[in-house]
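Structure file final_33.cif with mmCIF, N, CA, C and O atoms:
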```cif
data_my_file
#
loop_
_atom_site.label_atom_id
_atom_site.label_comp_id
_atom_site.auth_asym_id
_atom_site.auth_seq_id
_atom_site.Cartn_x
_atom_site.Cartn_y
_atom_site.Cartn_z
N VAL A 1 0.86 -1.17 0.00
CA VAL A 1 0.00 0.00 0.00
C VAL A 1 0.90 1.22 0.00
O VAL A 1 1.74 1.37 0.89
N ARG A 2 0.76 2.07 -1.01
CA ARG A 2 1.57 3.29 -1.10
C ARG A 2 0.72 4.41 -1.68
O ARG A 2 -0.19 4.17 -2.47
N GLY A 3 1.03 5.62 -1.29
CA GLY A 3 0.32 6.75 -1.85
C GLY A 3 0.80 8.05 -1.26
O GLY A 3 1.69 8.08 -0.42
N ALA A 4 0.20 9.13 -1.73
CA ALA A 4 0.52 10.47 -1.24
C ALA A 4 -0.68 11.35 -1.50
O ALA A 4 -1.52 11.05 -2.34
N GLY A 5 -0.77 12.42 -0.75
CA GLY A 5 -1.87 13.34 -0.94
C GLY A 5 -1.79 14.52 -0.01
O GLY A 5 -0.75 14.78 0.61
N GLU A 6 -2.89 15.22 0.09
CA GLU A 6 -2.99 16.40 0.95
C GLU A 6 -4.41 16.46 1.49
O GLU A 6 -5.37 16.16 0.78
N ASP A 7 -4.54 16.81 2.77
CA ASP A 7 -5.86 16.99 3.36
C ASP A 7 -5.85 18.26 4.20
O ASP A 7 -4.94 19.09 4.04
N GLY A 8 -6.82 18.43 5.07
CA GLY A 8 -6.93 19.63 5.88
C GLY A 8 -5.77 19.84 6.84
O GLY A 8 -5.57 20.95 7.34
N ILE A 9 -4.99 18.81 7.09
CA ILE A 9 -3.84 18.92 7.99
C ILE A 9 -2.58 19.29 7.22
O ILE A 9 -1.75 20.04 7.68
N GLY A 10 -2.43 18.75 6.02
CA GLY A 10 -1.26 19.04 5.21
C GLY A 10 -0.95 17.91 4.25
O GLY A 10 -1.74 16.98 4.07
N SER A 11 0.24 17.96 3.66
CA SER A 11 0.70 16.92 2.74
C SER A 11 1.11 15.69 3.53
O SER A 11 1.58 15.79 4.66
N PHE A 12 0.95 14.51 2.90
CA PHE A 12 1.32 13.27 3.56
C PHE A 12 1.71 12.21 2.54
O PHE A 12 1.41 12.32 1.36
N THR A 13 2.41 11.19 3.03
CA THR A 13 2.67 9.98 2.26
C THR A 13 2.05 8.82 3.03
O THR A 13 1.83 8.90 4.25
N ILE A 14 1.75 7.75 2.32
CA ILE A 14 1.19 6.55 2.93
C ILE A 14 2.04 5.36 2.50
O ILE A 14 2.39 5.23 1.32
N GLN A 15 2.37 4.51 3.48
CA GLN A 15 3.10 3.28 3.18
C GLN A 15 2.62 2.20 4.15
O GLN A 15 2.51 2.45 5.35
N GLY A 16 2.31 1.02 3.62
CA GLY A 16 1.83 -0.04 4.47
C GLY A 16 1.70 -1.35 3.73
O GLY A 16 2.27 -1.53 2.66
N VAL A 17 0.94 -2.29 4.32
CA VAL A 17 0.78 -3.62 3.75
C VAL A 17 -0.67 -4.07 3.84
O VAL A 17 -1.40 -3.70 4.76
N PHE A 18 -1.08 -4.90 2.86
CA PHE A 18 -2.38 -5.56 2.88
C PHE A 18 -2.12 -7.06 2.81
O PHE A 18 -1.42 -7.53 1.91
N ASP A 19 -2.64 -7.81 3.78
CA ASP A 19 -2.50 -9.26 3.81
C ASP A 19 -3.79 -9.85 3.24
O ASP A 19 -4.83 -9.87 3.92
N SER A 20 -3.73 -10.34 2.01
CA SER A 20 -4.94 -10.83 1.34
C SER A 20 -5.45 -12.13 1.94
O SER A 20 -6.65 -12.41 1.86
N SER A 21 -4.60 -12.93 2.56
CA SER A 21 -5.08 -14.18 3.16
C SER A 21 -5.83 -13.92 4.47
O SER A 21 -6.83 -14.56 4.76
N ALA A 22 -5.36 -12.95 5.25
CA ALA A 22 -6.02 -12.60 6.52
C ALA A 22 -7.01 -11.46 6.35
O ALA A 22 -7.76 -11.16 7.28
N MET A 23 -6.98 -10.79 5.18
CA MET A 23 -7.85 -9.64 4.90
C MET A 23 -7.62 -8.50 5.89
O MET A 23 -8.56 -7.85 6.36
N THR A 24 -6.35 -8.28 6.26
CA THR A 24 -6.00 -7.19 7.18
C THR A 24 -5.12 -6.19 6.45
O THR A 24 -4.45 -6.50 5.47
N VAL A 25 -5.10 -4.97 6.98
CA VAL A 25 -4.32 -3.89 6.39
C VAL A 25 -3.70 -3.06 7.51
O VAL A 25 -4.28 -2.92 8.59
N SER A 26 -2.53 -2.56 7.27
CA SER A 26 -1.91 -1.60 8.19
C SER A 26 -1.08 -0.63 7.37
O SER A 26 -0.47 -1.01 6.37
N TRP A 27 -1.11 0.63 7.77
CA TRP A 27 -0.32 1.63 7.06
C TRP A 27 -0.03 2.80 7.98
O TRP A 27 -0.68 2.99 8.99
N THR A 28 0.96 3.57 7.58
CA THR A 28 1.30 4.80 8.28
C THR A 28 1.08 5.96 7.32
O THR A 28 1.54 5.95 6.18
N LYS A 29 0.33 6.95 7.80
CA LYS A 29 0.12 8.19 7.06
C LYS A 29 1.10 9.18 7.68
O LYS A 29 0.94 9.58 8.83
N GLN A 30 2.12 9.54 6.95
CA GLN A 30 3.21 10.36 7.48
C GLN A 30 3.07 11.81 7.02
O GLN A 30 3.21 12.11 5.84
N TYR A 31 2.75 12.68 7.98
CA TYR A 31 2.76 14.11 7.73
C TYR A 31 4.16 14.63 8.02
O TYR A 31 4.98 13.93 8.62
N ARG A 32 4.44 15.84 7.64
CA ARG A 32 5.74 16.44 7.94
C ARG A 32 5.98 16.48 9.44
O ARG A 32 7.09 16.27 9.91
N THR A 33 4.92 16.70 10.21
CA THR A 33 5.05 16.90 11.66
C THR A 33 4.81 15.66 12.50
O THR A 33 5.25 15.61 13.64
N HIS A 34 4.11 14.64 11.97
CA HIS A 34 3.80 13.47 12.80
C HIS A 34 3.24 12.33 11.95
O HIS A 34 2.67 12.57 10.89
N PRO A 35 3.39 11.09 12.45
CA PRO A 35 2.78 9.95 11.77
C PRO A 35 1.41 9.61 12.39
O PRO A 35 1.16 9.89 13.55
N VAL A 36 0.55 9.00 11.57
CA VAL A 36 -0.71 8.44 12.05
C VAL A 36 -0.70 6.98 11.62
O VAL A 36 -0.54 6.68 10.44
N ARG A 37 -0.85 6.08 12.58
CA ARG A 37 -0.81 4.63 12.31
C ARG A 37 -2.24 4.09 12.20
O ARG A 37 -3.08 4.39 13.04
N TYR A 38 -2.51 3.32 11.15
CA TYR A 38 -3.82 2.72 10.92
C TYR A 38 -3.68 1.19 10.89
O TYR A 38 -2.74 0.68 10.27
N VAL A 39 -4.60 0.48 11.53
CA VAL A 39 -4.65 -0.98 11.50
C VAL A 39 -6.11 -1.36 11.33
O VAL A 39 -6.97 -0.86 12.06
N GLY A 40 -6.39 -2.23 10.36
CA GLY A 40 -7.78 -2.59 10.14
C GLY A 40 -7.95 -3.88 9.39
O GLY A 40 -7.00 -4.62 9.16
N GLN A 41 -9.20 -4.12 9.00
CA GLN A 41 -9.51 -5.34 8.27
C GLN A 41 -10.53 -5.04 7.18
O GLN A 41 -11.26 -4.05 7.25
N ARG A 42 -10.56 -5.91 6.19
CA ARG A 42 -11.53 -5.80 5.11
C ARG A 42 -12.88 -6.25 5.64
O ARG A 42 -12.99 -7.28 6.28
N VAL A 43 -13.90 -5.44 5.43
CA VAL A 43 -15.28 -5.77 5.78
C VAL A 43 -16.11 -5.66 4.50
O VAL A 43 -15.62 -5.10 3.51
N PRO A 44 -17.32 -6.18 4.49
CA PRO A 44 -18.10 -6.18 3.24
C PRO A 44 -18.23 -4.80 2.56
O PRO A 44 -18.26 -4.73 1.34
N ASP A 45 -18.26 -3.73 3.34
CA ASP A 45 -18.43 -2.41 2.72
C ASP A 45 -17.18 -1.53 2.78
O ASP A 45 -17.27 -0.32 2.72
N GLY A 46 -16.00 -2.13 2.88
CA GLY A 46 -14.77 -1.34 2.84
C GLY A 46 -13.71 -1.82 3.81
O GLY A 46 -13.47 -3.01 3.95
N LEU A 47 -13.07 -0.87 4.48
CA LEU A 47 -12.05 -1.15 5.49
C LEU A 47 -12.48 -0.51 6.80
O LEU A 47 -12.93 0.64 6.81
N ARG A 48 -12.31 -1.23 7.88
CA ARG A 48 -12.68 -0.72 9.20
C ARG A 48 -11.56 -1.06 10.18
O ARG A 48 -11.00 -2.15 10.13
N GLY A 49 -11.25 -0.10 11.07
CA GLY A 49 -10.20 -0.36 12.04
C GLY A 49 -9.98 0.80 12.98
O GLY A 49 -10.89 1.60 13.22
N THR A 50 -8.76 0.90 13.48
CA THR A 50 -8.40 1.95 14.42
C THR A 50 -7.18 2.72 13.92
O THR A 50 -6.39 2.22 13.15
N TRP A 51 -7.07 3.95 14.38
CA TRP A 51 -5.90 4.79 14.10
C TRP A 51 -5.33 5.24 15.42
O TRP A 51 -6.02 5.25 16.44
N ASN A 52 -4.05 5.60 15.43
CA ASN A 52 -3.49 6.21 16.64
C ASN A 52 -2.39 7.19 16.29
O ASN A 52 -1.70 7.07 15.29
N ILE A 53 -2.33 8.21 17.13
CA ILE A 53 -1.26 9.22 17.09
C ILE A 53 -0.74 9.24 18.52
O ILE A 53 -1.37 9.82 19.40
N GLY A 54 0.37 8.56 18.75
CA GLY A 54 0.87 8.45 20.12
C GLY A 54 -0.16 7.78 21.01
O GLY A 54 -0.61 6.69 20.73
N ARG A 55 -0.59 8.46 22.07
CA ARG A 55 -1.56 7.86 23.00
C ARG A 55 -3.01 8.15 22.61
O ARG A 55 -3.93 7.69 23.28
N PHE A 56 -3.24 8.89 21.55
CA PHE A 56 -4.59 9.20 21.09
C PHE A 56 -5.02 8.17 20.06
O PHE A 56 -4.24 7.79 19.20
N THR A 57 -6.28 7.75 20.14
CA THR A 57 -6.77 6.71 19.24
C THR A 57 -8.23 6.96 18.85
O THR A 57 -8.93 7.71 19.53
N GLY A 58 -8.63 6.36 17.77
CA GLY A 58 -10.00 6.48 17.30
C GLY A 58 -10.28 5.39 16.29
O GLY A 58 -9.44 4.53 16.04
N SER A 59 -11.46 5.42 15.70
CA SER A 59 -11.82 4.40 14.72
C SER A 59 -11.97 5.03 13.34
O SER A 59 -12.18 6.23 13.21
N PHE A 60 -11.86 4.18 12.32
CA PHE A 60 -12.09 4.65 10.96
C PHE A 60 -12.91 3.61 10.21
O PHE A 60 -12.95 2.44 10.58
N HIS A 61 -13.59 4.06 9.17
CA HIS A 61 -14.33 3.19 8.26
C HIS A 61 -14.24 3.83 6.88
O HIS A 61 -14.81 4.89 6.65
N LEU A 62 -13.47 3.22 6.01
CA LEU A 62 -13.30 3.71 4.64
C LEU A 62 -14.17 2.88 3.72
O LEU A 62 -14.10 1.65 3.73
N ARG A 63 -15.00 3.55 2.93
CA ARG A 63 -15.91 2.88 2.02
C ARG A 63 -15.59 3.27 0.58
O ARG A 63 -15.36 4.45 0.30
N PRO A 64 -15.60 2.30 -0.34
CA PRO A 64 -15.38 2.63 -1.76
C PRO A 64 -16.41 3.65 -2.23
O PRO A 64 -17.60 3.56 -1.90
N GLY A 65 -15.95 4.67 -2.92
CA GLY A 65 -16.84 5.68 -3.46
C GLY A 65 -17.21 6.78 -2.48
O GLY A 65 -17.86 7.74 -2.85
N ALA A 66 -16.79 6.66 -1.21
CA ALA A 66 -17.08 7.72 -0.24
C ALA A 66 -16.25 8.94 -0.61
O ALA A 66 -15.10 8.84 -0.98
N SER A 67 -16.85 10.09 -0.49
CA SER A 67 -16.12 11.31 -0.83
C SER A 67 -15.06 11.59 0.23
O SER A 67 -15.19 11.20 1.38
N GLU A 68 -14.01 12.27 -0.16
CA GLU A 68 -12.94 12.63 0.77
C GLU A 68 -13.49 13.47 1.91
O GLU A 68 -13.13 13.27 3.07
N VAL A 69 -14.37 14.39 1.61
CA VAL A 69 -14.93 15.26 2.65
C VAL A 69 -15.71 14.45 3.65
O VAL A 69 -15.58 14.62 4.86
N ALA A 70 -16.53 13.51 3.19
CA ALA A 70 -17.32 12.67 4.09
C ALA A 70 -16.41 11.80 4.95
O ALA A 70 -16.64 11.63 6.14
N ALA A 71 -15.37 11.24 4.36
CA ALA A 71 -14.43 10.40 5.12
C ALA A 71 -13.73 11.22 6.19
O ALA A 71 -13.57 10.78 7.33
N GLN A 72 -13.31 12.45 5.86
CA GLN A 72 -12.64 13.31 6.85
C GLN A 72 -13.61 13.70 7.96
O GLN A 72 -13.25 13.69 9.13
N ALA A 73 -14.83 14.02 7.61
CA ALA A 73 -15.82 14.41 8.62
C ALA A 73 -16.09 13.26 9.57
O ALA A 73 -16.18 13.45 10.78
N SER A 74 -16.20 12.04 9.04
CA SER A 74 -16.45 10.87 9.87
C SER A 74 -15.30 10.63 10.83
O SER A 74 -15.49 10.43 12.02
N THR A 75 -14.06 10.68 10.32
CA THR A 75 -12.89 10.46 11.17
C THR A 75 -12.77 11.56 12.21
O THR A 75 -12.53 11.30 13.37
N SER A 76 -12.99 12.81 11.82
CA SER A 76 -12.88 13.93 12.76
C SER A 76 -13.92 13.83 13.86
O SER A 76 -13.63 14.06 15.02
N ALA A 77 -15.14 13.49 13.50
CA ALA A 77 -16.21 13.38 14.50
C ALA A 77 -15.89 12.27 15.49
O ALA A 77 -16.05 12.44 16.69
N GLN A 78 -15.42 11.13 15.00
CA GLN A 78 -15.09 10.03 15.89
C GLN A 78 -13.92 10.39 16.79
O GLN A 78 -13.92 10.09 17.97
N ALA A 79 -12.94 11.08 16.24
CA ALA A 79 -11.77 11.46 17.04
C ALA A 79 -12.15 12.43 18.14
O ALA A 79 -11.71 12.30 19.27
N SER A 80 -13.01 13.40 17.82
CA SER A 80 -13.36 14.40 18.82
C SER A 80 -14.22 13.81 19.92
O SER A 80 -14.16 14.25 21.06
N VAL A 81 -15.00 12.79 19.61
CA VAL A 81 -15.82 12.15 20.63
C VAL A 81 -14.94 11.34 21.57
O VAL A 81 -15.13 11.33 22.78
N ARG A 82 -13.95 10.69 21.04
CA ARG A 82 -13.11 9.81 21.85
C ARG A 82 -12.17 10.61 22.76
O ARG A 82 -12.03 10.32 23.91
N ARG A 83 -11.47 11.59 22.22
CA ARG A 83 -10.56 12.40 23.01
C ARG A 83 -10.09 13.57 22.18
O ARG A 83 -9.33 13.39 21.24
N PRO A 84 -10.56 14.76 22.49
CA PRO A 84 -10.10 15.91 21.72
C PRO A 84 -8.58 16.07 21.88
O PRO A 84 -8.06 15.89 22.96
N ALA A 85 -7.94 16.35 20.79
CA ALA A 85 -6.48 16.49 20.84
C ALA A 85 -6.02 17.62 19.95
O ALA A 85 -6.57 17.84 18.89
N LYS A 86 -5.03 18.31 20.40
CA LYS A 86 -4.38 19.32 19.59
C LYS A 86 -2.90 18.99 19.61
O LYS A 86 -2.28 18.90 20.67
N ILE A 87 -2.34 18.73 18.45
CA ILE A 87 -0.94 18.37 18.35
C ILE A 87 -0.15 19.63 18.04
O ILE A 87 -0.44 20.30 17.06
N VAL A 88 0.80 19.92 18.88
CA VAL A 88 1.63 21.10 18.70
C VAL A 88 3.08 20.66 18.66
O VAL A 88 3.52 19.94 19.53
N ARG A 89 3.76 21.07 17.65
CA ARG A 89 5.19 20.73 17.54
C ARG A 89 5.99 21.98 17.41
O ARG A 89 5.59 22.95 16.88
#
```
Write the structure described by the file as structure tokens, please.
Amino acid sequence: VRGAGEDGIGSFTIQGVFDSSAMTVSWTKQYRTHPVRYVGQRVPDGLRGTWNIGRFTGSFHLRPGASEVAAQASTSAQASVRRPAKIVR
């Protein structure tokens, strides 16, 4: 799993692995200032799992065809419910 992009936080790269026999995935989304680690599994409607930034954690659910804005809103809402965090470097 490899990629790059930009979101509301900034530019990032993605590098990770997908295990097709276990249907699991893990990757790191690396921003200039910090990494975000994702671990999940394939579910009928996409990928579902958890993310963490140091001691902060939350859940994610990525669905094929979901818009970037909807995916960001879902992740942000889940993160703020679990533990509001402000990362300052």
## Note on the structure
Shortest contact to Arg2 of chain A, candidates A:Val36, A:Gly46, A:Thr28, A:Met23, atoms counted only N, CA, C and O atoms, goes to A:Thr28
### Task
Rank nothing, just name the residue among A:Ile14, A:Gly5, A:Val39, A:Phe60 nearest to Ser26 of chain A, using all atoms listed in the file.
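Comparing A:Ile14, A:Gly5, A:Val39, A:Phe60 against Ser26 of chain A, the winner is A:Val39.
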### Query
Which residues match the PyMOL selection byres (((chain A and resi 63 and name CA) around 6) and name CA) in the file above, as number ranges by chain?
A: 45-46, 62, 64, 66
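The two atoms in question, atom C of Ser11 of chain A and atom C of Thr50 of chain A, are spaced 18.6 Å apart.
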### Message
Just to confirm, what's the straight-line distance from atom N of Pro35 of chain A to atom N of Val17 of chain A in Å (one decimal)?
### Response
15.8 Å
### Query
So what do you get for atom CA of Gln15 of chain A versus atom CA of Gly49 of chain A, distance-wise?
16.4 Å
### Task
Tell me which residues the PyMOL selection byres (((chain A and resi 51 and name CA) around 12) and name CA) grabs here, as a PyMOL selection string.
chain A and resi 25-29+35-40+48-50+52-61+75-76+78-79+82
Report, as lines of an AutoDock Vina configuration file, the axis-aligned box around all atoms of segment 9-23 of chain A present in the file, extended by 8 Å on each side; give centre and edge lengths in Å to one decimal place.
```
center_x = -2.7
center_y = 2.7
center_z = 4.7
size_x = 27.7
size_y = 50.6
size_z = 22.7
```
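Between Gly16 of chain A and the candidates A:Arg42, A:Val1, A:Gly65, A:Gln30, the tightest atom-to-atom separation, counting only N, CA, C and O atoms, involves A:Val1.
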### Query
Ile9 of chain A: which residues within 10 Å, counting only C-alpha atoms, same-chain residues fewer than 5 positions away excluded, as a PyMOL selection string?
chain A and resi 31-33
### Pick from A:Asp19, A:His34, A:Ala4, A:Thr24 nearest to Leu47 of chain A, counting only C-alpha atoms
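Closest candidate: A:Thr24.
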